[in-house]
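Undergrad: Sharing a structure with you now.
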Amino acid sequence: ADKAGVELDKRGAVIVDENLKTTAENIWAMGDAKGGLQFTYVSLDDFRIIWSQMNGGQYSQAGRKNVPYSVFLTPSFSRVGLNEEEARKAGYRVKIAKLPAAAIPKAQVLKNPQGLLKAIIDADTNLILGAMLFCEESYEMINTVKLAMDLGADYHVLKDQIFTHPTMSEAFGRVEVRSVHRGEFDPADGVGLRVPDDREAVFGDIQYIGSVCDAYRRRHGGLGEGGGRQQERAQQ
């Protein structure tokens, strides 16, 4: 790297700009070499950025939106965007959507109704700020949430969608949305499924799992090989 004029940061990652260009002329870096989130799908998107730059395009890291991640536990945990604490600290007034996995027919079919789904919604715009899904097949469902967020869709687009049955995705049409005040049901959002008090213990597990994953991501710039590629290989 020194001989090529490519600078590294203190962790040994290649330093790049928004276009993934290194400090050396005509050299780009992508994937794990540049640090950050270490997932196969991020490396693929890095390729899109470099291809765009080499072909007169404008796509860069600045245009990358709402990168989700999944941890392949049983059931799996997936997240995209802000959690409730982060949204409130950022100054958002929020609505909270929650649903126990046990209320999803497909979870019963899969014989694993453990878990809870939670989404954070901007109370002023109805845009989805983030979602945490602790349930079977969450690694598939989170991509739908990301797409809705990227498109700037009102959360009702998912809530009022017609989903095939039985699927885990139909959970999006079953959530109950609560208003800014904790525990207050917003009747304007229709009748939903209330989360029983004993489900709060499950939600505590989600918070713990999420905090552990986030701490690892902040420290290592991603979930790393164990949280990313090995998990993907386990699914293949």
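Chain labels A, B, ... are given in the sequence in which chains occur in the structure tokens; within each chain residues are numbered consecutively from 1, and ligands are likewise numbered from 1 in the order shown.
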Counting only C-alpha atoms, which residues of stretch 56-119 of chain A sit at most 12 Å from some atom of stretch 123-132 of chain A, and what is each one's closest atom pair with its distance in Å to one decimal, listed by chain and rising residue number, as a Markdown table?
TA:
| residue | atom | partner | partner_atom | distance |
| --- | --- | --- | --- | --- |
| A:Lys65 | CA | A:Leu129 | CA | 11.9 |
| A:Asn66 | CA | A:Gly130 | CA | 8.7 |
| A:Val67 | CA | A:Gly130 | CA | 10.7 |
| A:Pro68 | CA | A:Ala131 | CA | 9.4 |
| A:Tyr69 | CA | A:Met132 | CA | 10.0 |
| A:Ser70 | CA | A:Met132 | CA | 9.8 |
| A:Val71 | CA | A:Met132 | CA | 11.4 |
| A:Ser76 | CA | A:Met132 | CA | 10.6 |
| A:Phe77 | CA | A:Met132 | CA | 7.3 |
| A:Ser78 | CA | A:Met132 | CA | 5.8 |
| A:Arg79 | CA | A:Met132 | CA | 4.5 |
| A:Val80 | CA | A:Gly130 | CA | 5.4 |
| A:Gly81 | CA | A:Gly130 | CA | 4.0 |
| A:Leu82 | CA | A:Gly130 | CA | 4.5 |
| A:Asn83 | CA | A:Gly130 | CA | 6.0 |
| A:Glu84 | CA | A:Gly130 | CA | 8.2 |
| A:Glu85 | CA | A:Gly130 | CA | 11.0 |
| A:Glu86 | CA | A:Gly130 | CA | 9.7 |
| A:Ala87 | CA | A:Leu129 | CA | 7.4 |
| A:Arg88 | CA | A:Leu129 | CA | 10.7 |
| A:Ala90 | CA | A:Leu129 | CA | 10.9 |
| A:Gly91 | CA | A:Ala123 | CA | 11.3 |
| A:Tyr92 | CA | A:Ala123 | CA | 7.7 |
| A:Arg93 | CA | A:Ala123 | CA | 5.4 |
| A:Val94 | CA | A:Ala123 | CA | 4.7 |
| A:Lys95 | CA | A:Ala123 | CA | 5.4 |
| A:Ile96 | CA | A:Ala123 | CA | 9.0 |
| A:Ala97 | CA | A:Ala131 | CA | 9.1 |
| A:Lys98 | CA | A:Met132 | CA | 9.7 |
| A:Leu99 | CA | A:Met132 | CA | 11.0 |
| A:Gly115 | CA | A:Met132 | CA | 10.6 |
| A:Leu116 | CA | A:Met132 | CA | 8.4 |
| A:Leu117 | CA | A:Met132 | CA | 6.1 |
| A:Lys118 | CA | A:Met132 | CA | 5.3 |
| A:Ala119 | CA | A:Ala131 | CA | 4.1 |
Undergrad: Neighbours of A:Asp45 within 12 Å (only C-alpha atoms; same-chain residues fewer than 2 positions away dropped), as a short mmCIF file (atom, residue, chain, number, x, y, z; two decimals) with C-alpha atoms, in the first residue's frame?
TA:
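Saved the output as result00.cif:
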data_model
loop_
_atom_site.label_atom_id
_atom_site.label_comp_id
_atom_site.auth_asym_id
_atom_site.auth_seq_id
_atom_site.Cartn_x
_atom_site.Cartn_y
_atom_site.Cartn_z
CA ASN A 19 -16.65 7.50 -4.66
CA LEU A 20 -14.42 4.75 -3.17
CA MET A 30 -14.18 -1.92 -2.20
CA GLY A 31 -15.46 -4.58 0.16
CA LEU A 37 -19.98 -2.88 7.18
CA GLN A 38 -18.50 -6.21 6.15
CA PHE A 39 -21.31 -7.88 4.25
CA THR A 40 -21.37 -9.48 0.82
CA TYR A 41 -24.23 -7.24 -0.27
CA VAL A 42 -22.30 -4.09 0.71
CA SER A 43 -19.36 -5.28 -1.39
CA PHE A 47 -18.96 -2.56 -7.16
CA ARG A 48 -21.94 -0.58 -8.43
CA ILE A 49 -20.32 2.63 -7.17
CA ILE A 50 -16.98 1.94 -8.88
CA TRP A 51 -18.68 0.81 -12.10
CA SER A 52 -20.73 4.02 -12.04
CA TYR A 59 -23.72 6.90 -7.80
CA SER A 60 -21.62 7.12 -4.62
CA GLN A 61 -21.70 6.11 -0.96
CA GLY A 63 -26.56 7.73 -2.31
CA ARG A 64 -26.58 4.50 -0.34
CA LYS A 65 -29.70 4.29 1.80
CA VAL A 67 -28.47 -0.66 4.85
#
Undergrad: Distance atom CA of A:Lys34-atom CA of A:Val14, one decimal place?
TA: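 Going from atom CA of A:Lys34 over to atom CA of A:Val14, I get 4.5 Å.
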Undergrad: Could you tell me which of A:Phe172, A:Trp28, A:Tyr139, A:Phe163 comes closest to A:Ala101 if we count only C-alpha atoms?
TA: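 Under the stated criterion, the closest residue is A:Phe172.
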Undergrad: As a VMD selection string, please: every residue in stretch 21-200 of chain A that DSSP puts in helix (DSSP H, G or I).
TA: chain A and resid 31 to 34 40 to 54 61 to 63 84 to 89 101 to 103 105 to 109 138 to 150 156 to 159 168 to 173 187 to 189 197 to 200
Undergrad: Rounded to one decimal, what separation in Å do you get between atom CA of A:Ile104 and atom CA of A:Ser138?
TA: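 Interatomic distance, atom CA of A:Ile104 to atom CA of A:Ser138: 12.3 Å.
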Undergrad: If you count only C-alpha atoms, which residues fall within 10 Å of A:Ala171, apart from same-chain ones fewer than 2 positions away, as an MDAnalysis selection string?
TA: chainID A and resid 98:101 103:107 117 141 158:159 163 166:169 173:175
Undergrad: Any chance you could export the current selection's C-alpha atoms as a short mmCIF file (atom, residue, chain, number, x, y, z; two decimals), in the first residue's frame?
TA:
data_model
loop_
_atom_site.label_atom_id
_atom_site.label_comp_id
_atom_site.auth_asym_id
_atom_site.auth_seq_id
_atom_site.Cartn_x
_atom_site.Cartn_y
_atom_site.Cartn_z
CA LYS A 98 -45.50 -3.74 17.55
CA LEU A 99 -46.69 -7.27 16.96
CA PRO A 100 -45.82 -10.54 18.72
CA ALA A 101 -44.61 -13.19 16.31
CA ALA A 103 -49.90 -13.53 16.13
CA ILE A 104 -48.53 -14.41 12.68
CA PRO A 105 -50.14 -17.60 11.28
CA LYS A 106 -46.99 -18.56 9.33
CA ALA A 107 -44.94 -18.47 12.53
CA LEU A 117 -41.71 -7.17 15.52
CA MET A 141 -38.96 -9.37 5.58
CA LEU A 158 -47.32 -1.74 3.97
CA LYS A 159 -50.06 -1.84 6.59
CA PHE A 163 -50.29 -10.10 1.28
CA PRO A 166 -49.80 -17.78 5.04
CA THR A 167 -46.57 -15.77 4.90
CA MET A 168 -44.47 -13.96 7.46
CA SER A 169 -44.77 -10.76 5.42
CA GLY A 173 -50.77 -5.73 7.79
CA ARG A 174 -51.42 -6.90 11.35
CA VAL A 175 -49.42 -4.45 13.44
#
Undergrad: Run DSSP on the backbone and grab whatever in stretch 84-149 of chain A lands in strand (DSSP E or B); send it over as a PDB file with C-alpha atoms, in the first residue's frame.
TA:
ATOM      1  CA  VAL A  94     -42.666   8.828  16.954  1.00  0.00           C
ATOM      2  CA  LYS A  95     -45.389   6.254  16.626  1.00  0.00           C
ATOM      3  CA  ILE A  96     -44.534   2.695  17.600  1.00  0.00           C
ATOM      4  CA  ALA A  97     -45.825  -0.380  15.777  1.00  0.00           C
ATOM      5  CA  LYS A  98     -45.496  -3.738  17.550  1.00  0.00           C
ATOM      6  CA  LEU A  99     -46.688  -7.265  16.964  1.00  0.00           C
ATOM      7  CA  PRO A 100     -45.822 -10.540  18.725  1.00  0.00           C
ATOM      8  CA  LEU A 116     -41.595  -9.677  18.366  1.00  0.00           C
ATOM      9  CA  LEU A 117     -41.708  -7.166  15.523  1.00  0.00           C
ATOM     10  CA  LYS A 118     -41.278  -3.445  16.082  1.00  0.00           C
ATOM     11  CA  ALA A 119     -41.251  -0.446  13.746  1.00  0.00           C
ATOM     12  CA  ILE A 120     -40.523   3.216  14.441  1.00  0.00           C
ATOM     13  CA  ILE A 121     -42.650   5.724  12.526  1.00  0.00           C
ATOM     14  CA  ASP A 122     -42.355   9.490  12.198  1.00  0.00           C
ATOM     15  CA  LEU A 127     -42.572   7.661   7.181  1.00  0.00           C
ATOM     16  CA  ILE A 128     -40.849   4.556   8.529  1.00  0.00           C
ATOM     17  CA  LEU A 129     -37.716   5.488  10.471  1.00  0.00           C
ATOM     18  CA  GLY A 130     -36.604   1.974  11.323  1.00  0.00           C
ATOM     19  CA  ALA A 131     -37.628  -1.584  12.106  1.00  0.00           C
ATOM     20  CA  MET A 132     -36.412  -4.426  14.310  1.00  0.00           C
ATOM     21  CA  LEU A 133     -37.751  -7.873  13.495  1.00  0.00           C
ATOM     22  CA  PHE A 134     -37.071 -10.791  15.829  1.00  0.00           C
TER      23      PHE A 134
END
Undergrad: Which residues are near stretch 1-8 of chain A? Cut-off 10 Å, only C-alpha atoms, ignore same chain within fewer than 3 positions. Put them as a list of chain:residue names.
TA: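 Result of the neighbour search: A:Arg11, A:Gly12, A:Ala13, A:Val14, A:Ile15, A:Val16, A:Lys21, A:Thr22, A:Thr23, A:Ala24, A:Glu25, A:Ile27, A:Trp28, A:Ala29, A:Ala33, A:Lys34.
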Undergrad: Looking at A:Asp46, A:Leu151, A:Lys111, A:Ile142, which one is nearest to A:Glu18, with distances taken over only C-alpha atoms?
TA: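 So, comparing all the options, the nearest one is A:Asp46.
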